[in-house]
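> File name query28.pdb; file contents PDB, N, CA and C atoms and all ligand atoms; full text below.
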ATOM      1  N   MET A  25     -20.826  -3.841   0.747
ATOM      2  CA  MET A  25     -20.203  -3.483   2.015
ATOM      3  C   MET A  25     -19.298  -2.276   1.822
ATOM      4  N   GLU A  26     -19.497  -1.307   2.662
ATOM      5  CA  GLU A  26     -18.705  -0.085   2.522
ATOM      6  C   GLU A  26     -17.441  -0.186   3.367
ATOM      7  N   GLU A  27     -16.329   0.049   2.717
ATOM      8  CA  GLU A  27     -15.082   0.019   3.467
ATOM      9  C   GLU A  27     -14.382   1.349   3.365
ATOM     10  N   ARG A  28     -14.083   1.887   4.523
ATOM     11  CA  ARG A  28     -13.346   3.124   4.533
ATOM     12  C   ARG A  28     -11.938   2.832   5.008
ATOM     13  N   TYR A  29     -10.971   3.435   4.367
ATOM     14  CA  TYR A  29      -9.600   3.171   4.768
ATOM     15  C   TYR A  29      -9.289   3.908   6.071
ATOM     16  N   VAL A  30      -8.946   3.145   7.077
ATOM     17  CA  VAL A  30      -8.532   3.752   8.342
ATOM     18  C   VAL A  30      -7.077   3.364   8.583
ATOM     19  N   PRO A  31      -6.221   4.359   8.706
ATOM     20  CA  PRO A  31      -4.817   4.001   8.948
ATOM     21  C   PRO A  31      -4.656   3.312  10.300
ATOM     22  N   MET A  32      -3.858   2.281  10.323
ATOM     23  CA  MET A  32      -3.621   1.544  11.555
ATOM     24  C   MET A  32      -2.233   1.895  12.089
ATOM     25  N   ARG A  33      -2.166   1.947  13.391
ATOM     26  CA  ARG A  33      -0.875   2.173  14.022
ATOM     27  C   ARG A  33      -0.714   1.191  15.167
ATOM     28  N   ARG A  34       0.526   0.915  15.493
ATOM     29  CA  ARG A  34       0.760  -0.056  16.534
ATOM     30  C   ARG A  34       1.099   0.624  17.861
ATOM     31  N   CYS A  35       0.413   0.232  18.893
ATOM     32  CA  CYS A  35       0.676   0.747  20.238
ATOM     33  C   CYS A  35       2.003   0.179  20.741
ATOM     34  N   VAL A  36       2.860   1.054  21.283
ATOM     35  CA  VAL A  36       4.159   0.571  21.770
ATOM     36  C   VAL A  36       4.034  -0.199  23.079
ATOM     37  N   GLY A  37       2.845  -0.150  23.691
ATOM     38  CA  GLY A  37       2.654  -0.881  24.945
ATOM     39  C   GLY A  37       2.202  -2.306  24.700
ATOM     40  N   CYS A  38       1.000  -2.447  24.147
ATOM     41  CA  CYS A  38       0.433  -3.783  23.967
ATOM     42  C   CYS A  38       0.779  -4.370  22.608
ATOM     43  N   MET A  39       1.355  -3.559  21.708
ATOM     44  CA  MET A  39       1.773  -4.000  20.382
ATOM     45  C   MET A  39       0.607  -4.421  19.491
ATOM     46  N   ARG A  40      -0.597  -3.986  19.847
ATOM     47  CA  ARG A  40      -1.723  -4.266  18.964
ATOM     48  C   ARG A  40      -1.814  -3.173  17.918
ATOM     49  N   SER A  41      -2.267  -3.517  16.738
ATOM     50  CA  SER A  41      -2.528  -2.512  15.715
ATOM     51  C   SER A  41      -3.961  -2.036  15.860
ATOM     52  N   LEU A  42      -4.111  -0.737  15.959
ATOM     53  CA  LEU A  42      -5.435  -0.165  16.163
ATOM     54  C   LEU A  42      -5.614   1.008  15.214
ATOM     55  N   PRO A  43      -6.886   1.358  14.951
ATOM     56  CA  PRO A  43      -7.120   2.533  14.110
ATOM     57  C   PRO A  43      -6.465   3.762  14.744
ATOM     58  N   LYS A  44      -5.763   4.495  13.906
ATOM     59  CA  LYS A  44      -4.976   5.626  14.394
ATOM     60  C   LYS A  44      -5.748   6.580  15.321
ATOM     61  N   PRO A  45      -7.027   6.885  15.033
ATOM     62  CA  PRO A  45      -7.726   7.835  15.920
ATOM     63  C   PRO A  45      -7.890   7.340  17.357
ATOM     64  N   GLN A  46      -7.731   6.035  17.576
ATOM     65  CA  GLN A  46      -7.868   5.526  18.939
ATOM     66  C   GLN A  46      -6.583   5.617  19.739
ATOM     67  N   LEU A  47      -5.534   6.041  19.068
ATOM     68  CA  LEU A  47      -4.245   6.098  19.747
ATOM     69  C   LEU A  47      -3.808   7.548  19.899
ATOM     70  N   ILE A  48      -2.918   7.783  20.861
ATOM     71  CA  ILE A  48      -2.323   9.111  20.919
ATOM     72  C   ILE A  48      -0.901   9.022  20.400
ATOM     73  N   ARG A  49      -0.467  10.112  19.794
ATOM     74  CA  ARG A  49       0.876  10.129  19.230
ATOM     75  C   ARG A  49       1.786  10.882  20.179
ATOM     76  N   LEU A  50       2.884  10.262  20.515
ATOM     77  CA  LEU A  50       3.846  10.885  21.410
ATOM     78  C   LEU A  50       5.118  11.162  20.639
ATOM     79  N   ALA A  51       5.686  12.332  20.901
ATOM     80  CA  ALA A  51       6.923  12.691  20.228
ATOM     81  C   ALA A  51       7.888  13.287  21.239
ATOM     82  N   ASP A  52       9.152  13.292  20.855
ATOM     83  CA  ASP A  52      10.183  13.859  21.698
ATOM     84  C   ASP A  52      10.236  15.363  21.428
ATOM     85  N   THR A  53       9.702  16.138  22.333
ATOM     86  CA  THR A  53       9.646  17.584  22.146
ATOM     87  C   THR A  53      10.735  18.231  23.008
ATOM     88  N   PRO A  54      10.983  19.532  22.810
ATOM     89  CA  PRO A  54      11.985  20.195  23.658
ATOM     90  C   PRO A  54      11.646  20.108  25.142
ATOM     91  N   ASP A  55      10.381  19.898  25.476
ATOM     92  CA  ASP A  55       9.985  19.784  26.881
ATOM     93  C   ASP A  55       9.906  18.338  27.340
ATOM     94  N   GLY A  56      10.427  17.443  26.553
ATOM     95  CA  GLY A  56      10.347  16.033  26.929
ATOM     96  C   GLY A  56       9.298  15.339  26.085
ATOM     97  N   ILE A  57       9.059  14.084  26.430
ATOM     98  CA  ILE A  57       8.092  13.313  25.664
ATOM     99  C   ILE A  57       6.700  13.834  25.941
ATOM    100  N   ALA A  58       5.990  14.139  24.903
ATOM    101  CA  ALA A  58       4.665  14.707  25.099
ATOM    102  C   ALA A  58       3.774  14.316  23.941
ATOM    103  N   GLU A  59       2.509  14.482  24.182
ATOM    104  CA  GLU A  59       1.552  14.218  23.134
ATOM    105  C   GLU A  59       1.769  15.221  22.014
ATOM    106  N   GLU A  60       1.683  14.732  20.803
ATOM    107  CA  GLU A  60       1.970  15.567  19.650
ATOM    108  C   GLU A  60       0.789  15.418  18.714
ATOM    109  N   LEU A  61       0.015  16.480  18.599
ATOM    110  CA  LEU A  61      -1.254  16.352  17.897
ATOM    111  C   LEU A  61      -1.161  16.650  16.410
ATOM    112  N   SER A  62      -0.190  17.440  16.031
ATOM    113  CA  SER A  62      -0.136  17.883  14.630
ATOM    114  C   SER A  62       0.219  16.733  13.690
ATOM    115  N   GLY A  63       0.851  15.686  14.233
ATOM    116  CA  GLY A  63       1.280  14.606  13.370
ATOM    117  C   GLY A  63       2.558  14.933  12.620
ATOM    118  N   ARG A  64       3.075  16.120  12.864
ATOM    119  CA  ARG A  64       4.335  16.494  12.230
ATOM    120  C   ARG A  64       5.448  16.445  13.270
ATOM    121  N   GLY A  65       6.622  16.815  12.826
ATOM    122  CA  GLY A  65       7.700  17.025  13.775
ATOM    123  C   GLY A  65       8.288  15.760  14.342
ATOM    124  N   GLY A  66       9.275  15.261  13.664
ATOM    125  CA  GLY A  66      10.086  14.197  14.235
ATOM    126  C   GLY A  66       9.393  12.859  14.342
ATOM    127  N   ARG A  67      10.086  11.987  14.972
ATOM    128  CA  ARG A  67       9.649  10.628  15.107
ATOM    129  C   ARG A  67       8.590  10.539  16.185
ATOM    130  N   GLY A  68       7.565   9.780  15.938
ATOM    131  CA  GLY A  68       6.533   9.621  16.955
ATOM    132  C   GLY A  68       6.264   8.170  17.243
ATOM    133  N   VAL A  69       5.724   7.920  18.405
ATOM    134  CA  VAL A  69       5.244   6.586  18.721
ATOM    135  C   VAL A  69       3.773   6.697  19.091
ATOM    136  N   TYR A  70       3.089   5.596  18.973
ATOM    137  CA  TYR A  70       1.653   5.604  19.261
ATOM    138  C   TYR A  70       1.367   4.754  20.488
ATOM    139  N   LEU A  71       0.367   5.197  21.229
ATOM    140  CA  LEU A  71       0.026   4.512  22.469
ATOM    141  C   LEU A  71      -1.479   4.556  22.663
ATOM    142  N   CYS A  72      -2.044   3.455  23.166
ATOM    143  CA  CYS A  72      -3.450   3.462  23.560
ATOM    144  C   CYS A  72      -3.645   4.471  24.683
ATOM    145  N   VAL A  73      -4.859   4.959  24.820
ATOM    146  CA  VAL A  73      -5.163   5.814  25.967
ATOM    147  C   VAL A  73      -5.369   4.892  27.160
ATOM    148  N   SER A  74      -4.281   4.380  27.661
ATOM    149  CA  SER A  74      -4.369   3.373  28.708
ATOM    150  C   SER A  74      -3.104   3.398  29.550
ATOM    151  N   GLU A  75      -3.275   3.507  30.851
ATOM    152  CA  GLU A  75      -2.105   3.505  31.724
ATOM    153  C   GLU A  75      -1.424   2.144  31.713
ATOM    154  N   ASP A  76      -2.206   1.107  31.453
ATOM    155  CA  ASP A  76      -1.638  -0.225  31.324
ATOM    156  C   ASP A  76      -0.605  -0.273  30.216
ATOM    157  N   CYS A  77      -1.003   0.274  29.069
ATOM    158  CA  CYS A  77      -0.107   0.250  27.925
ATOM    159  C   CYS A  77       1.111   1.126  28.189
ATOM    160  N   LEU A  78       0.914   2.234  28.878
ATOM    161  CA  LEU A  78       2.055   3.074  29.220
ATOM    162  C   LEU A  78       3.024   2.298  30.110
ATOM    163  N   SER A  79       2.484   1.599  31.108
ATOM    164  CA  SER A  79       3.349   0.827  31.999
ATOM    165  C   SER A  79       4.108  -0.243  31.241
ATOM    166  N   LYS A  80       3.403  -0.909  30.325
ATOM    167  CA  LYS A  80       4.074  -1.938  29.521
ATOM    168  C   LYS A  80       5.196  -1.331  28.693
ATOM    169  N   ALA A  81       4.902  -0.190  28.090
ATOM    170  CA  ALA A  81       5.900   0.457  27.240
ATOM    171  C   ALA A  81       7.111   0.869  28.073
ATOM    172  N   ILE A  82       6.857   1.356  29.293
ATOM    173  CA  ILE A  82       7.961   1.762  30.166
ATOM    174  C   ILE A  82       8.800   0.545  30.531
ATOM    175  N   LYS A  83       8.143  -0.544  30.862
ATOM    176  CA  LYS A  83       8.834  -1.763  31.262
ATOM    177  C   LYS A  83       9.739  -2.271  30.146
ATOM    178  N   LYS A  84       9.257  -2.106  28.927
ATOM    179  CA  LYS A  84      10.037  -2.593  27.778
ATOM    180  C   LYS A  84      11.063  -1.583  27.303
ATOM    181  N   ASN A  85      11.099  -0.410  27.941
ATOM    182  CA  ASN A  85      11.969   0.666  27.483
ATOM    183  C   ASN A  85      11.656   1.095  26.064
ATOM    184  N   ALA A  86      10.392   0.995  25.700
ATOM    185  CA  ALA A  86      10.015   1.299  24.321
ATOM    186  C   ALA A  86      10.323   2.749  23.959
ATOM    187  N   PHE A  87      10.160   3.638  24.920
ATOM    188  CA  PHE A  87      10.384   5.053  24.599
ATOM    189  C   PHE A  87      11.869   5.349  24.430
ATOM    190  N   SER A  88      12.691   4.837  25.346
ATOM    191  CA  SER A  88      14.120   5.102  25.193
ATOM    192  C   SER A  88      14.640   4.517  23.899
ATOM    193  N   ARG A  89      14.083   3.380  23.521
ATOM    194  CA  ARG A  89      14.549   2.778  22.268
ATOM    195  C   ARG A  89      14.117   3.608  21.068
ATOM    196  N   SER A  90      12.855   4.064  21.092
ATOM    197  CA  SER A  90      12.366   4.832  19.954
ATOM    198  C   SER A  90      13.052   6.177  19.835
ATOM    199  N   PHE A  91      13.251   6.817  20.984
ATOM    200  CA  PHE A  91      13.790   8.174  20.937
ATOM    201  C   PHE A  91      15.290   8.201  21.180
ATOM    202  N   LYS A  92      15.863   7.049  21.376
ATOM    203  CA  LYS A  92      17.304   6.911  21.500
ATOM    204  C   LYS A  92      17.906   7.817  22.573
ATOM    205  N   ARG A  93      17.263   7.834  23.703
ATOM    206  CA  ARG A  93      17.855   8.516  24.852
ATOM    207  C   ARG A  93      17.202   7.983  26.118
ATOM    208  N   LYS A  94      17.808   8.351  27.238
ATOM    209  CA  LYS A  94      17.243   7.942  28.513
ATOM    210  C   LYS A  94      16.050   8.831  28.825
ATOM    211  N   ILE A  95      14.979   8.218  29.303
ATOM    212  CA  ILE A  95      13.788   8.996  29.652
ATOM    213  C   ILE A  95      13.729   9.140  31.176
ATOM    214  N   GLU A  96      13.529  10.363  31.610
ATOM    215  CA  GLU A  96      13.474  10.611  33.051
ATOM    216  C   GLU A  96      12.123  10.183  33.623
ATOM    217  N   ASP A  97      12.150   9.838  34.910
ATOM    218  CA  ASP A  97      10.916   9.432  35.581
ATOM    219  C   ASP A  97       9.845  10.511  35.508
ATOM    220  N   GLU A  98      10.289  11.776  35.589
ATOM    221  CA  GLU A  98       9.295  12.862  35.558
ATOM    222  C   GLU A  98       8.555  12.882  34.226
ATOM    223  N   GLU A  99       9.246  12.501  33.174
ATOM    224  CA  GLU A  99       8.581  12.471  31.870
ATOM    225  C   GLU A  99       7.503  11.398  31.847
ATOM    226  N   TYR A 100       7.803  10.268  32.446
ATOM    227  CA  TYR A 100       6.808   9.210  32.520
ATOM    228  C   TYR A 100       5.624   9.659  33.367
ATOM    229  N   ASP A 101       5.936  10.361  34.461
ATOM    230  CA  ASP A 101       4.848  10.858  35.315
ATOM    231  C   ASP A 101       3.933  11.789  34.531
ATOM    232  N   ARG A 102       4.555  12.646  33.730
ATOM    233  CA  ARG A 102       3.739  13.579  32.948
ATOM    234  C   ARG A 102       2.886  12.855  31.916
ATOM    235  N   LEU A 103       3.449  11.806  31.338
ATOM    236  CA  LEU A 103       2.675  11.024  30.362
ATOM    237  C   LEU A 103       1.483  10.369  31.037
ATOM    238  N   ARG A 104       1.722   9.861  32.245
ATOM    239  CA  ARG A 104       0.631   9.231  32.984
ATOM    240  C   ARG A 104      -0.504  10.222  33.223
ATOM    241  N   GLU A 105      -0.104  11.435  33.603
ATOM    242  CA  GLU A 105      -1.074  12.491  33.860
ATOM    243  C   GLU A 105      -1.833  12.834  32.570
ATOM    244  N   ALA A 106      -1.098  12.917  31.471
ATOM    245  CA  ALA A 106      -1.731  13.248  30.188
ATOM    246  C   ALA A 106      -2.754  12.181  29.809
ATOM    247  N   LEU A 107      -2.409  10.930  30.053
ATOM    248  CA  LEU A 107      -3.333   9.842  29.725
ATOM    249  C   LEU A 107      -4.586   9.915  30.580
ATOM    250  N   ARG A 108      -4.378  10.270  31.847
ATOM    251  CA  ARG A 108      -5.521  10.363  32.755
ATOM    252  C   ARG A 108      -6.492  11.431  32.249
ATOM    253  N   LEU A 109      -5.944  12.588  31.864
ATOM    254  CA  LEU A 109      -6.797  13.655  31.345
ATOM    255  C   LEU A 109      -7.539  13.196  30.100
ATOM    256  N   HIS A 110      -6.828  12.455  29.263
ATOM    257  CA  HIS A 110      -7.422  11.934  28.039
ATOM    258  C   HIS A 110      -8.591  11.029  28.334
ATOM    259  N   ALA A 111      -8.375  10.119  29.277
ATOM    260  CA  ALA A 111      -9.410   9.143  29.624
ATOM    261  C   ALA A 111     -10.647   9.882  30.120
ATOM    262  N   GLU A 112     -10.441  10.905  30.955
ATOM    263  CA  GLU A 112     -11.568  11.674  31.445
ATOM    264  C   GLU A 112     -12.252  12.406  30.303
ATOM    265  N   GLY A 113     -11.427  12.979  29.422
ATOM    266  CA  GLY A 113     -11.972  13.723  28.289
ATOM    267  C   GLY A 113     -12.841  12.871  27.391
ATOM    268  N   SER A 114     -12.389  11.626  27.123
ATOM    269  CA  SER A 114     -13.155  10.798  26.199
ATOM    270  C   SER A 114     -14.476  10.345  26.830
ATOM    271  N   LEU A 115     -14.491  10.240  28.152
ATOM    272  CA  LEU A 115     -15.747   9.909  28.807
ATOM    273  C   LEU A 115     -16.769  11.026  28.592
ATOM    274  N   GLU A 116     -16.282  12.258  28.668
ATOM    275  CA  GLU A 116     -17.181  13.382  28.462
ATOM    276  C   GLU A 116     -17.767  13.384  27.058
ATOM    277  N   VAL A 117     -16.928  13.056  26.098
ATOM    278  CA  VAL A 117     -17.378  13.062  24.713
ATOM    279  C   VAL A 117     -18.477  12.029  24.495
ATOM    280  N   MET A 118     -18.306  10.869  25.135
ATOM    281  CA  MET A 118     -19.316   9.836  24.993
ATOM    282  C   MET A 118     -20.539  10.210  25.833
TER
HETATM  283 ZN    ZN A 201      -1.961  -0.510  23.801
END
What would the structure in this file look like if it were written as structure tokens?

Amino acid sequence: MEERYVPMRRCVGCMRSLPKPQLIRLADTPDGIAEELSGRGGRGVYLCVSEDCLSKAIKKNAFSRSFKRKIEDEEYDRLREALRLHAEGSLEVM
């Protein structure tokens, strides 16, 4: 049996551990919370490409806790939009 090591990360919404490529990494950037693709730069949290998980994370204040500041509603709106684009994008790939 062939086993390849896949790093696992935990989604801040549903708290499930999933293979890292299935999650998006969010970081606190100068423009607010945004997707961070390089994997560098500060503390990041991982989230499923799912508005459900985003809503759960918002309800739990997971982002404010991780980034140690208050998150504005507009930032959440932008994250929602980013997730929507992602969901559409992955459909195209498949
Ligand atoms: Zn999730």
> For the PyMOL selection byres (((not hetatm)) within 6 of (chain A and resi 201)), applied here, can you spell out every residue it catches as a PyMOL selection string?
chain A and resi 35-40+71-72+77
> List as an MDAnalysis selection string the protein and nucleic acid residues near Phe87 of chain A, meaning an atom at most 10 Å away when only C-alpha atoms are counted, but skip any in the same chain fewer than 2 places from it.
chainID A and resid 36:37 50:52 57 68:69 78 81:85 89:95 100
> Let me make sure I understand: among A:Ser62, A:Ser74, A:Thr53, A:Ser41, which one has the smallest atom-to-atom distance to Glu99 of chain A if we use only C-alpha atoms?
A:Thr53
> Separation of atom N of His110 of chain A and atom C of Glu98 of chain A, in Å?
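These atoms are spaced 16.2 Å apart.
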> Would you mind telling me which residue in A:Arg28, A:Arg33, A:Lys44, A:Arg104 lies nearest to Ser79 of chain A when using only C-alpha atoms?
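Comparing A:Arg28, A:Arg33, A:Lys44, A:Arg104 against Ser79 of chain A, the winner is A:Arg104.
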> When distances are computed from only C-alpha atoms, which of A:Pro31, A:Gly113, A:Gly56, A:Gly66 shows the smallest separation from Asp97 of chain A?
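Using only C-alpha atoms, the shortest distance to Asp97 of chain A belongs to A:Gly56.
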> Provide the atom N of Met32 of chain A to atom CA of Arg67 of chain A distance in Å, to one decimal place.
16.6 Å
> Please, what is the axis-aligned box for every listed atom of segment 83-99 of chain A with 8 Å on each side, as centre and edge lengths in Å to one decimal, as JSON?

{"center_x": 12.7, "center_y": 5.1, "center_z": 27.7, "size_x": 26.4, "size_y": 31.5, "size_z": 31.8}
> Would you compute the distance between atom N of Ile48 of chain A and atom N of Glu26 of chain A? Give it in Å to one decimal.
26.2 Å
> Within segment 56-96 of chain A, find each residue whose DSSP state, derived from the backbone, is strand (DSSP E), and express the selection as a ChimeraX atom specification.
/A:56-59,68-72
> Taking into account only N, CA and C atoms, which residue in the set A:Glu27, A:Leu42, A:Leu103, A:Asp76 is nearest to Ala58 of chain A?
A:Leu103
> Return the single residue from A:Val73, A:Glu60, A:Arg108, A:Asp55 that is closest to Glu96 of chain A, with distances computed using only C-alpha atoms.
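Among the listed residues, the smallest separation from Glu96 of chain A belongs to A:Asp55.
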> Can you give me all heavy atoms for segment 83-94 of chain A, written as a PDB file, keeping the file's coordinate frame?

ATOM      1  N   LYS A  83       8.143  -0.544  30.862  1.00  0.00           N
ATOM      2  CA  LYS A  83       8.834  -1.763  31.262  1.00  0.00           C
ATOM      3  C   LYS A  83       9.739  -2.271  30.146  1.00  0.00           C
ATOM      4  O   LYS A  83      10.814  -2.799  30.375  1.00  0.00           O
ATOM      5  CB  LYS A  83       7.799  -2.828  31.645  1.00  0.00           C
ATOM      6  CG  LYS A  83       8.292  -3.774  32.734  1.00  0.00           C
ATOM      7  CD  LYS A  83       7.188  -4.696  33.189  1.00  0.00           C
ATOM      8  CE  LYS A  83       6.270  -4.025  34.207  1.00  0.00           C
ATOM      9  NZ  LYS A  83       5.128  -4.893  34.603  1.00  0.00           N
ATOM     10  N   LYS A  84       9.257  -2.106  28.927  1.00  0.00           N
ATOM     11  CA  LYS A  84      10.037  -2.593  27.778  1.00  0.00           C
ATOM     12  C   LYS A  84      11.063  -1.583  27.303  1.00  0.00           C
ATOM     13  O   LYS A  84      11.746  -1.820  26.306  1.00  0.00           O
ATOM     14  CB  LYS A  84       9.093  -2.870  26.597  1.00  0.00           C
ATOM     15  CG  LYS A  84       8.242  -4.088  26.782  1.00  0.00           C
ATOM     16  CD  LYS A  84       7.547  -4.436  25.482  1.00  0.00           C
ATOM     17  CE  LYS A  84       6.461  -3.414  25.170  1.00  0.00           C
ATOM     18  NZ  LYS A  84       5.517  -3.925  24.149  1.00  0.00           N
ATOM     19  N   ASN A  85      11.099  -0.410  27.941  1.00  0.00           N
ATOM     20  CA  ASN A  85      11.969   0.666  27.483  1.00  0.00           C
ATOM     21  C   ASN A  85      11.656   1.095  26.064  1.00  0.00           C
ATOM     22  O   ASN A  85      12.541   1.504  25.308  1.00  0.00           O
ATOM     23  CB  ASN A  85      13.441   0.256  27.548  1.00  0.00           C
ATOM     24  CG  ASN A  85      13.980   0.383  28.951  1.00  0.00           C
ATOM     25  OD1 ASN A  85      13.701   1.373  29.640  1.00  0.00           O
ATOM     26  ND2 ASN A  85      14.710  -0.605  29.400  1.00  0.00           N
ATOM     27  N   ALA A  86      10.392   0.995  25.700  1.00  0.00           N
ATOM     28  CA  ALA A  86      10.015   1.299  24.321  1.00  0.00           C
ATOM     29  C   ALA A  86      10.323   2.749  23.959  1.00  0.00           C
ATOM     30  O   ALA A  86      10.727   3.030  22.836  1.00  0.00           O
ATOM     31  CB  ALA A  86       8.526   1.024  24.122  1.00  0.00           C
ATOM     32  N   PHE A  87      10.160   3.638  24.920  1.00  0.00           N
ATOM     33  CA  PHE A  87      10.384   5.053  24.599  1.00  0.00           C
ATOM     34  C   PHE A  87      11.869   5.349  24.430  1.00  0.00           C
ATOM     35  O   PHE A  87      12.270   6.024  23.498  1.00  0.00           O
ATOM     36  CB  PHE A  87       9.783   5.955  25.679  1.00  0.00           C
ATOM     37  CG  PHE A  87       8.288   5.822  25.781  1.00  0.00           C
ATOM     38  CD1 PHE A  87       7.700   5.273  26.903  1.00  0.00           C
ATOM     39  CD2 PHE A  87       7.478   6.242  24.741  1.00  0.00           C
ATOM     40  CE1 PHE A  87       6.325   5.144  26.997  1.00  0.00           C
ATOM     41  CE2 PHE A  87       6.100   6.115  24.821  1.00  0.00           C
ATOM     42  CZ  PHE A  87       5.520   5.569  25.952  1.00  0.00           C
ATOM     43  N   SER A  88      12.691   4.837  25.346  1.00  0.00           N
ATOM     44  CA  SER A  88      14.120   5.102  25.193  1.00  0.00           C
ATOM     45  C   SER A  88      14.640   4.517  23.899  1.00  0.00           C
ATOM     46  O   SER A  88      15.508   5.094  23.248  1.00  0.00           O
ATOM     47  CB  SER A  88      14.943   4.555  26.362  1.00  0.00           C
ATOM     48  OG  SER A  88      14.149   4.007  27.355  1.00  0.00           O
ATOM     49  N   ARG A  89      14.083   3.380  23.521  1.00  0.00           N
ATOM     50  CA  ARG A  89      14.549   2.778  22.268  1.00  0.00           C
ATOM     51  C   ARG A  89      14.117   3.608  21.068  1.00  0.00           C
ATOM     52  O   ARG A  89      14.880   3.822  20.145  1.00  0.00           O
ATOM     53  CB  ARG A  89      14.045   1.345  22.141  1.00  0.00           C
ATOM     54  CG  ARG A  89      15.141   0.353  22.472  1.00  0.00           C
ATOM     55  CD  ARG A  89      14.670  -1.043  22.213  1.00  0.00           C
ATOM     56  NE  ARG A  89      13.505  -1.337  23.051  1.00  0.00           N
ATOM     57  CZ  ARG A  89      12.837  -2.480  23.004  1.00  0.00           C
ATOM     58  NH1 ARG A  89      13.185  -3.411  22.172  1.00  0.00           N
ATOM     59  NH2 ARG A  89      11.810  -2.682  23.805  1.00  0.00           N
ATOM     60  N   SER A  90      12.855   4.064  21.092  1.00  0.00           N
ATOM     61  CA  SER A  90      12.366   4.832  19.954  1.00  0.00           C
ATOM     62  C   SER A  90      13.052   6.177  19.835  1.00  0.00           C
ATOM     63  O   SER A  90      13.369   6.627  18.751  1.00  0.00           O
ATOM     64  CB  SER A  90      10.862   5.066  20.084  1.00  0.00           C
ATOM     65  OG  SER A  90      10.191   3.844  20.032  1.00  0.00           O
ATOM     66  N   PHE A  91      13.251   6.817  20.984  1.00  0.00           N
ATOM     67  CA  PHE A  91      13.790   8.174  20.937  1.00  0.00           C
ATOM     68  C   PHE A  91      15.290   8.201  21.180  1.00  0.00           C
ATOM     69  O   PHE A  91      15.900   9.261  21.219  1.00  0.00           O
ATOM     70  CB  PHE A  91      13.041   9.053  21.943  1.00  0.00           C
ATOM     71  CG  PHE A  91      11.565   9.163  21.644  1.00  0.00           C
ATOM     72  CD1 PHE A  91      10.622   8.795  22.581  1.00  0.00           C
ATOM     73  CD2 PHE A  91      11.138   9.620  20.406  1.00  0.00           C
ATOM     74  CE1 PHE A  91       9.261   8.881  22.300  1.00  0.00           C
ATOM     75  CE2 PHE A  91       9.785   9.706  20.115  1.00  0.00           C
ATOM     76  CZ  PHE A  91       8.848   9.345  21.059  1.00  0.00           C
ATOM     77  N   LYS A  92      15.863   7.049  21.376  1.00  0.00           N
ATOM     78  CA  LYS A  92      17.304   6.911  21.500  1.00  0.00           C
ATOM     79  C   LYS A  92      17.906   7.817  22.573  1.00  0.00           C
ATOM     80  O   LYS A  92      18.913   8.497  22.375  1.00  0.00           O
ATOM     81  CB  LYS A  92      17.983   7.201  20.148  1.00  0.00           C
ATOM     82  CG  LYS A  92      17.454   6.329  19.038  1.00  0.00           C
ATOM     83  CD  LYS A  92      18.524   6.006  18.036  1.00  0.00           C
ATOM     84  CE  LYS A  92      18.104   5.014  16.981  1.00  0.00           C
ATOM     85  NZ  LYS A  92      16.721   4.607  16.929  1.00  0.00           N
ATOM     86  N   ARG A  93      17.263   7.834  23.703  1.00  0.00           N
ATOM     87  CA  ARG A  93      17.855   8.516  24.852  1.00  0.00           C
ATOM     88  C   ARG A  93      17.202   7.983  26.118  1.00  0.00           C
ATOM     89  O   ARG A  93      16.189   7.292  26.072  1.00  0.00           O
ATOM     90  CB  ARG A  93      17.668  10.030  24.751  1.00  0.00           C
ATOM     91  CG  ARG A  93      16.212  10.473  24.845  1.00  0.00           C
ATOM     92  CD  ARG A  93      16.150  12.004  24.828  1.00  0.00           C
ATOM     93  NE  ARG A  93      14.786  12.498  24.897  1.00  0.00           N
ATOM     94  CZ  ARG A  93      14.102  12.671  26.033  1.00  0.00           C
ATOM     95  NH1 ARG A  93      14.639  12.366  27.187  1.00  0.00           N
ATOM     96  NH2 ARG A  93      12.869  13.140  26.007  1.00  0.00           N
ATOM     97  N   LYS A  94      17.808   8.351  27.238  1.00  0.00           N
ATOM     98  CA  LYS A  94      17.243   7.942  28.513  1.00  0.00           C
ATOM     99  C   LYS A  94      16.050   8.831  28.825  1.00  0.00           C
ATOM    100  O   LYS A  94      16.100  10.040  28.628  1.00  0.00           O
ATOM    101  CB  LYS A  94      18.307   8.103  29.599  1.00  0.00           C
ATOM    102  CG  LYS A  94      17.886   7.549  30.936  1.00  0.00           C
ATOM    103  CD  LYS A  94      19.006   7.782  31.969  1.00  0.00           C
ATOM    104  CE  LYS A  94      18.616   7.200  33.311  1.00  0.00           C
ATOM    105  NZ  LYS A  94      17.413   7.815  33.884  1.00  0.00           N
TER     106      LYS A  94
END
